[in-house]
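Step one of this worksheet: look at the structure below.
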Amino acid sequence: MIFGEFSTVNAEGAVLAHSLRLSDGSFAKGHKLDHGDVERLIAAGIDHVIAARIEPGDLMEDEAAEQLAQAVAPDHLTFSKATTGRVNIHSAVDGLFVANRAAVDRLNSVDPAITLACLADHVPVRSGDMVATFKIIPLAVSGLKVAAGADILRRMPVFEVKPFLPHAVSLVATELPSLKTGVMDKTARILSQRLQLAGSVLQREERVAHRAKAVADAIGQALEVPDQLPKLVIVFGASAVIDAGDVIPEAIRLAGGEVIQVGMPVDPGNLLVLGKVGDVHVVGAPGCARSPKENGFDWVLDRILAGEQPTPQDISGMGVGGLLMEIQSRPRPRDIAAKPAAQISVAVVLLAAGRASRMGEGGSHKLLAEFDGVPLVRRSALTAMAGGASAVIVVTGHRRDDIEPALRDLAVEQVFNPDYASGMASSLVAGVGTQGAQRADGVLVMLADMPGVTSDDLKTLIAAFREAKGQAIVRAVSGGKRGNPVILPRAVLNAVMRLEGDVGARHIIETSGLPVVDVDIGEAAHLDVDTPEAVIAAGGVLKG
């Protein structure tokens, strides 16, 4: 390819490097000039153009990108149409993205004109997430160079997505007087949430004394439970593992298994134990895995659920990038630009789990107050259903037995949050962790105690989210002051799943690095009914 400035009279057959605007139209970048085009340019007084003259053996940028993409094994991947020399590659499944750094580097060394960028090695992805992109830098590139790159892609797995495989998971938890029962209950809930994202389920839990023999017996019982799915046993010890001869590694040996590794160079997560009994992995979880925040346990768990067999070398090689403590990770925007706006989906998570503490002890529940004869929680659910969402998830908690009957016969998914007393974060995690929310391009978080919000308001917010191609946070405001509801893109949902305590998503919104689109819906954005007086002032009638 010869690139440069050409006299217009000699530019026939050249490919424009930049777009040109004429009084009667325009030429786009990459347009190949024919005889008529040259005459139009001359008539317009343009005597020189910046262009490329394609030589024999060259490939145009889109064709080159297509040839590279076609050399990638298509398993569990989807490919965009080449445009401006780029092909984007997305995961077709929920799974683990695996990259061969040496192979990626080798491809990128073929020619600076040929580039491949991809996610980091061994990161979990959701179906639809962008995982890699080919980009041809110039307008054309040597066909021989493209062939060399394609050969690398065919001969070795440069990158792939390994789908998560559903597992039947057993939890063995050891007990000591110093460990509260509530901590163990929370551990099981958080483990269930982790497994749900990978399509697995916690099928059984057993609590035993913190002794090697008791743990070994529990592991053996877990292995004997018949199931069609591959098994996985996770052990949470009441006391941290400090030696290869400690309770959990010794229990794996007593159960007839082998200990693969004790300890890992990831912080938090140092005190992990990995073993196998037969072909079943047994993981001794570090104490930090009782929290939903990312830690070394997630790294090993993801590999196992994707069908990998982690080795001591795999775990020992996790040190670079393994310092996770106190690091704020910004979410990765997901490339859904190619999806038509109408196909960008939004699920509603309706929060109805709070204790309504400002209503007074033993008083009426604000969500059971009737507006136009309809309990507020039902009215809010109906509003969500009419707002154009792909799914509506209602999270219940406090006074569940009174709230859930008010939702009877509605086409909503009800999720009970047993940890509702810990604050809003647990309810957000419960709702966002559902399949309906995880499959959507965005989640509209709606408070059930805001009677002024209408279905038209939700439609307006969703329309703004679609206009932003699903890559912005959309927030309801009134007079410039932030309010609710808010739509969170799928790019930030992993961060939401790590929230704890009585906090919402405000910190995520402010630190995500994503654009924030404010939509004024009037006073409805601020009107919630937290007190009996507020319910009455808003036109409600107190009931149960």
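The way I read the labels, and the way they are meant: chains A, B, ... in the order of the structure tokens, residue 1 as the first residue of every chain, and ligand 1 as the first ligand shown, with later ones counted on from there.
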### Query
Could you pull the residues within 10 Å of Pro375 (chain A), counting only C-alpha atoms, minus those fewer than 5 positions along the same chain, as a ChimeraX atom specification?
/A:366-370,380,403,406-407,540-544
Just the selected residues (N, CA, C and O atoms), exported as a CSV table (one decimal), in the first residue's frame, please.
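Saved to out-v4.csv:
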chain,number,residue,atom,x,y,z
A,366,LYS,N,-45.9,0.4,55.6
A,366,LYS,CA,-46.2,1.4,54.5
A,366,LYS,C,-46.5,0.7,53.2
A,366,LYS,O,-47.2,1.2,52.4
A,367,LEU,N,-45.9,-0.5,52.9
A,367,LEU,CA,-46.1,-1.1,51.6
A,367,LEU,C,-47.5,-1.8,51.6
A,367,LEU,O,-47.9,-2.2,50.5
A,368,LEU,N,-48.2,-1.9,52.7
A,368,LEU,CA,-49.6,-2.4,52.7
A,368,LEU,C,-50.6,-1.3,52.7
A,368,LEU,O,-51.8,-1.6,52.6
A,369,ALA,N,-50.1,0.0,52.8
A,369,ALA,CA,-51.1,1.1,52.7
A,369,ALA,C,-51.7,1.1,51.3
A,369,ALA,O,-51.0,0.8,50.3
A,370,GLU,N,-53.0,1.4,51.3
A,370,GLU,CA,-53.7,1.3,50.0
A,370,GLU,C,-53.8,2.7,49.3
A,370,GLU,O,-54.1,3.7,49.9
A,380,SER,N,-46.8,-0.8,43.1
A,380,SER,CA,-45.5,-0.6,42.5
A,380,SER,C,-45.1,-1.7,41.6
A,380,SER,O,-44.5,-1.4,40.5
A,403,ILE,N,-46.5,-9.3,53.0
A,403,ILE,CA,-46.2,-8.6,51.7
A,403,ILE,C,-46.5,-9.5,50.5
A,403,ILE,O,-47.1,-9.1,49.5
A,406,ALA,N,-49.9,-9.9,48.9
A,406,ALA,CA,-50.3,-8.7,48.1
A,406,ALA,C,-49.8,-8.8,46.6
A,406,ALA,O,-50.3,-8.0,45.8
A,407,LEU,N,-48.9,-9.7,46.4
A,407,LEU,CA,-48.4,-9.8,45.0
A,407,LEU,C,-49.0,-11.0,44.3
A,407,LEU,O,-48.5,-11.4,43.2
A,540,GLY,N,-52.5,8.0,50.6
A,540,GLY,CA,-52.7,6.6,51.0
A,540,GLY,C,-53.5,6.4,52.2
A,540,GLY,O,-53.8,7.4,53.0
A,541,VAL,N,-54.0,5.2,52.4
A,541,VAL,CA,-54.8,4.8,53.5
A,541,VAL,C,-54.1,3.7,54.3
A,541,VAL,O,-53.8,2.7,53.7
A,542,LEU,N,-53.8,4.0,55.5
A,542,LEU,CA,-53.0,3.0,56.3
A,542,LEU,C,-53.9,1.8,56.6
A,542,LEU,O,-55.0,1.9,56.9
A,543,LYS,N,-53.3,0.6,56.4
A,543,LYS,CA,-54.0,-0.7,56.6
A,543,LYS,C,-53.2,-1.5,57.6
A,543,LYS,O,-53.1,-1.2,58.8
A,544,GLY,N,-52.6,-2.6,57.1
A,544,GLY,CA,-52.0,-3.6,58.0
A,544,GLY,C,-50.6,-3.2,58.5
A,544,GLY,O,-50.0,-2.3,58.0
#### Entry: Residues near Leu68 (chain A), cut-off 10 Å, only C-alpha atoms, skip fewer than 3 positions along chain, as a list in words
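What passes the distance filter is Glu63, Ala64, Ala65, Ala71, Val72, Val87, Ile114, Leu116, Phe134, Lys135, Ile136, Val146, Ala147, Ala148, Gly149, Ala150, Asp151, Ile152, Leu153 and Arg154 of chain A.
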### Message
Give me the residues near Leu59 (chain A) as a ChimeraX atom specification, where near means some atom within 10 Å (using only C-alpha atoms) and where sequence neighbours in that chain fewer than 3 positions away do not count.
### Response
/A:1,54-56,62-65,67,139-146
Those residues with all heavy atoms, as a compact mmCIF listing (two decimals), in the first residue's frame please?
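Final output, saved to result.txt:
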# COMPACT_ATOMS: atom_id res chain seq x y z
N MET A 1 0.84 -1.19 0.00
CA MET A 1 0.00 0.00 0.00
C MET A 1 0.88 1.25 0.00
O MET A 1 1.86 1.33 0.75
CB MET A 1 -0.90 0.03 1.24
CG MET A 1 -1.86 1.22 1.29
SD MET A 1 -2.81 1.31 2.82
CE MET A 1 -1.54 1.84 3.97
N ILE A 54 -3.74 0.96 -3.38
CA ILE A 54 -3.62 -0.44 -3.01
C ILE A 54 -2.72 -1.16 -4.02
O ILE A 54 -2.91 -1.04 -5.24
CB ILE A 54 -5.01 -1.12 -2.96
CG1 ILE A 54 -5.95 -0.30 -2.06
CG2 ILE A 54 -4.88 -2.54 -2.44
CD1 ILE A 54 -5.44 -0.05 -0.68
N GLU A 55 -1.76 -1.93 -3.49
CA GLU A 55 -0.84 -2.67 -4.33
C GLU A 55 -1.27 -4.12 -4.43
O GLU A 55 -2.04 -4.62 -3.60
CB GLU A 55 0.58 -2.57 -3.76
CG GLU A 55 1.14 -1.15 -3.71
CD GLU A 55 2.54 -1.12 -3.15
OE1 GLU A 55 2.70 -1.36 -1.94
OE2 GLU A 55 3.48 -0.86 -3.93
N PRO A 56 -0.78 -4.82 -5.46
CA PRO A 56 -1.10 -6.25 -5.59
C PRO A 56 -0.71 -7.01 -4.32
O PRO A 56 0.35 -6.78 -3.74
CB PRO A 56 -0.25 -6.69 -6.79
CG PRO A 56 -0.06 -5.46 -7.59
CD PRO A 56 0.06 -4.34 -6.59
N ASP A 62 -11.32 -4.24 6.08
CA ASP A 62 -12.42 -5.10 6.52
C ASP A 62 -12.18 -6.55 6.12
O ASP A 62 -12.43 -7.47 6.92
CB ASP A 62 -13.75 -4.61 5.94
CG ASP A 62 -14.27 -3.36 6.64
OD1 ASP A 62 -13.68 -2.98 7.67
OD2 ASP A 62 -15.25 -2.78 6.14
N GLU A 63 -11.69 -6.77 4.92
CA GLU A 63 -11.42 -8.14 4.48
C GLU A 63 -10.32 -8.77 5.33
O GLU A 63 -10.41 -9.95 5.71
CB GLU A 63 -11.01 -8.16 3.00
CG GLU A 63 -10.79 -9.57 2.47
CD GLU A 63 -10.39 -9.60 1.00
OE1 GLU A 63 -10.33 -8.52 0.38
OE2 GLU A 63 -10.14 -10.71 0.49
N ALA A 64 -9.30 -7.98 5.67
CA ALA A 64 -8.23 -8.50 6.51
C ALA A 64 -8.75 -8.88 7.90
O ALA A 64 -8.43 -9.95 8.43
CB ALA A 64 -7.12 -7.46 6.63
N ALA A 65 -9.57 -8.02 8.49
CA ALA A 65 -10.13 -8.32 9.81
C ALA A 65 -11.02 -9.55 9.76
O ALA A 65 -11.01 -10.39 10.68
CB ALA A 65 -10.91 -7.11 10.34
N GLN A 67 -10.77 -12.11 7.70
CA GLN A 67 -9.95 -13.32 7.56
C GLN A 67 -9.34 -13.74 8.89
O GLN A 67 -9.25 -14.93 9.20
CB GLN A 67 -8.87 -13.10 6.51
CG GLN A 67 -9.40 -13.06 5.08
CD GLN A 67 -8.30 -13.19 4.04
OE1 GLN A 67 -7.18 -13.61 4.34
NE2 GLN A 67 -8.62 -12.83 2.80
N LEU A 139 -5.61 1.42 6.08
CA LEU A 139 -6.72 1.08 5.18
C LEU A 139 -6.53 -0.27 4.51
O LEU A 139 -7.50 -0.91 4.10
CB LEU A 139 -6.87 2.17 4.11
CG LEU A 139 -7.36 3.53 4.62
CD1 LEU A 139 -7.23 4.58 3.52
CD2 LEU A 139 -8.79 3.43 5.10
N ALA A 140 -5.31 -0.70 4.37
CA ALA A 140 -5.02 -1.99 3.75
C ALA A 140 -3.75 -2.53 4.37
O ALA A 140 -2.93 -1.80 4.94
CB ALA A 140 -4.87 -1.84 2.24
N VAL A 141 -3.58 -3.85 4.25
CA VAL A 141 -2.43 -4.50 4.85
C VAL A 141 -2.01 -5.67 3.95
O VAL A 141 -2.83 -6.20 3.18
CB VAL A 141 -2.78 -5.00 6.27
CG1 VAL A 141 -3.84 -6.08 6.23
CG2 VAL A 141 -1.55 -5.49 7.01
N SER A 142 -0.77 -6.05 4.04
CA SER A 142 -0.25 -7.14 3.22
C SER A 142 -1.04 -8.43 3.46
O SER A 142 -1.23 -8.86 4.60
CB SER A 142 1.23 -7.38 3.56
OG SER A 142 1.67 -8.62 3.07
N GLY A 143 -1.48 -9.05 2.38
CA GLY A 143 -2.18 -10.31 2.48
C GLY A 143 -1.32 -11.41 3.07
O GLY A 143 -1.82 -12.29 3.78
N LEU A 144 0.00 -11.35 2.81
CA LEU A 144 0.90 -12.36 3.37
C LEU A 144 0.97 -12.23 4.89
O LEU A 144 1.04 -13.23 5.61
CB LEU A 144 2.30 -12.20 2.76
CG LEU A 144 2.42 -12.56 1.27
CD1 LEU A 144 3.83 -12.27 0.77
CD2 LEU A 144 2.06 -14.03 1.05
N LYS A 145 0.95 -10.99 5.39
CA LYS A 145 0.97 -10.77 6.83
C LYS A 145 -0.32 -11.27 7.48
O LYS A 145 -0.31 -11.89 8.55
CB LYS A 145 1.16 -9.28 7.15
CG LYS A 145 2.49 -8.70 6.67
CD LYS A 145 3.64 -9.22 7.49
CE LYS A 145 4.93 -8.47 7.15
NZ LYS A 145 6.08 -8.93 7.95
N VAL A 146 -1.44 -11.04 6.82
CA VAL A 146 -2.72 -11.52 7.35
C VAL A 146 -2.72 -13.04 7.38
O VAL A 146 -3.17 -13.67 8.35
CB VAL A 146 -3.89 -10.99 6.51
CG1 VAL A 146 -5.21 -11.63 6.95
CG2 VAL A 146 -3.98 -9.47 6.63
### Message
If we count only C-alpha atoms and set the cut-off at 10 Å, which residues sit around Phe236 (chain A), ignoring sequence neighbours fewer than 2 positions away in its own chain? Please answer as a list in words.
### Response
Leu171, Val172, Ala173, Thr174, Glu175, Met184, Thr187, Ala188, Arg207, His210, Ile234, Ala238, Ser239, Ala240, Ile248, Leu272, Val283, Gly284, Ala285, Pro286, Gly287, Ala289 and Arg290 of chain A
### Task
Can you pull out every residue within 8 Å of Asp121 (chain A), counting only C-alpha atoms, but drop anything in the same chain fewer than 3 positions away, and send it as a PyMOL selection string?
chain A and resi 97-101
Residue subset to file, keeping N, CA and C atoms, as a compact mmCIF listing (two decimals), in the first residue's frame:
# COMPACT_ATOMS: atom_id res chain seq x y z
N PHE A 97 -13.25 -16.67 30.40
CA PHE A 97 -12.41 -16.29 29.26
C PHE A 97 -10.97 -16.67 29.57
N VAL A 98 -10.37 -17.40 28.63
CA VAL A 98 -9.00 -17.88 28.80
C VAL A 98 -8.17 -17.39 27.61
N ALA A 99 -7.05 -16.74 27.91
CA ALA A 99 -6.18 -16.19 26.86
C ALA A 99 -4.78 -16.78 26.98
N ASN A 100 -4.17 -17.04 25.83
CA ASN A 100 -2.78 -17.49 25.76
C ASN A 100 -1.93 -16.26 25.47
N ARG A 101 -1.33 -15.70 26.51
CA ARG A 101 -0.61 -14.43 26.34
C ARG A 101 0.50 -14.55 25.30
### Task
Among the residues of region 182-301 of chain A, find those DSSP assigns to alpha helix (DSSP H) from the backbone and print them as an MDAnalysis selection string.
chainID A and resid 182:197 212:224 247:254 296:301
#### Entry: Distance criterion (only C-alpha atoms): nearest to Phe27 (chain A) out of A:Val49, A:Arg189, A:Leu179, A:Ala384
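When distances to Phe27 (chain A) are compared using only C-alpha atoms, the smallest one comes from A:Val49.
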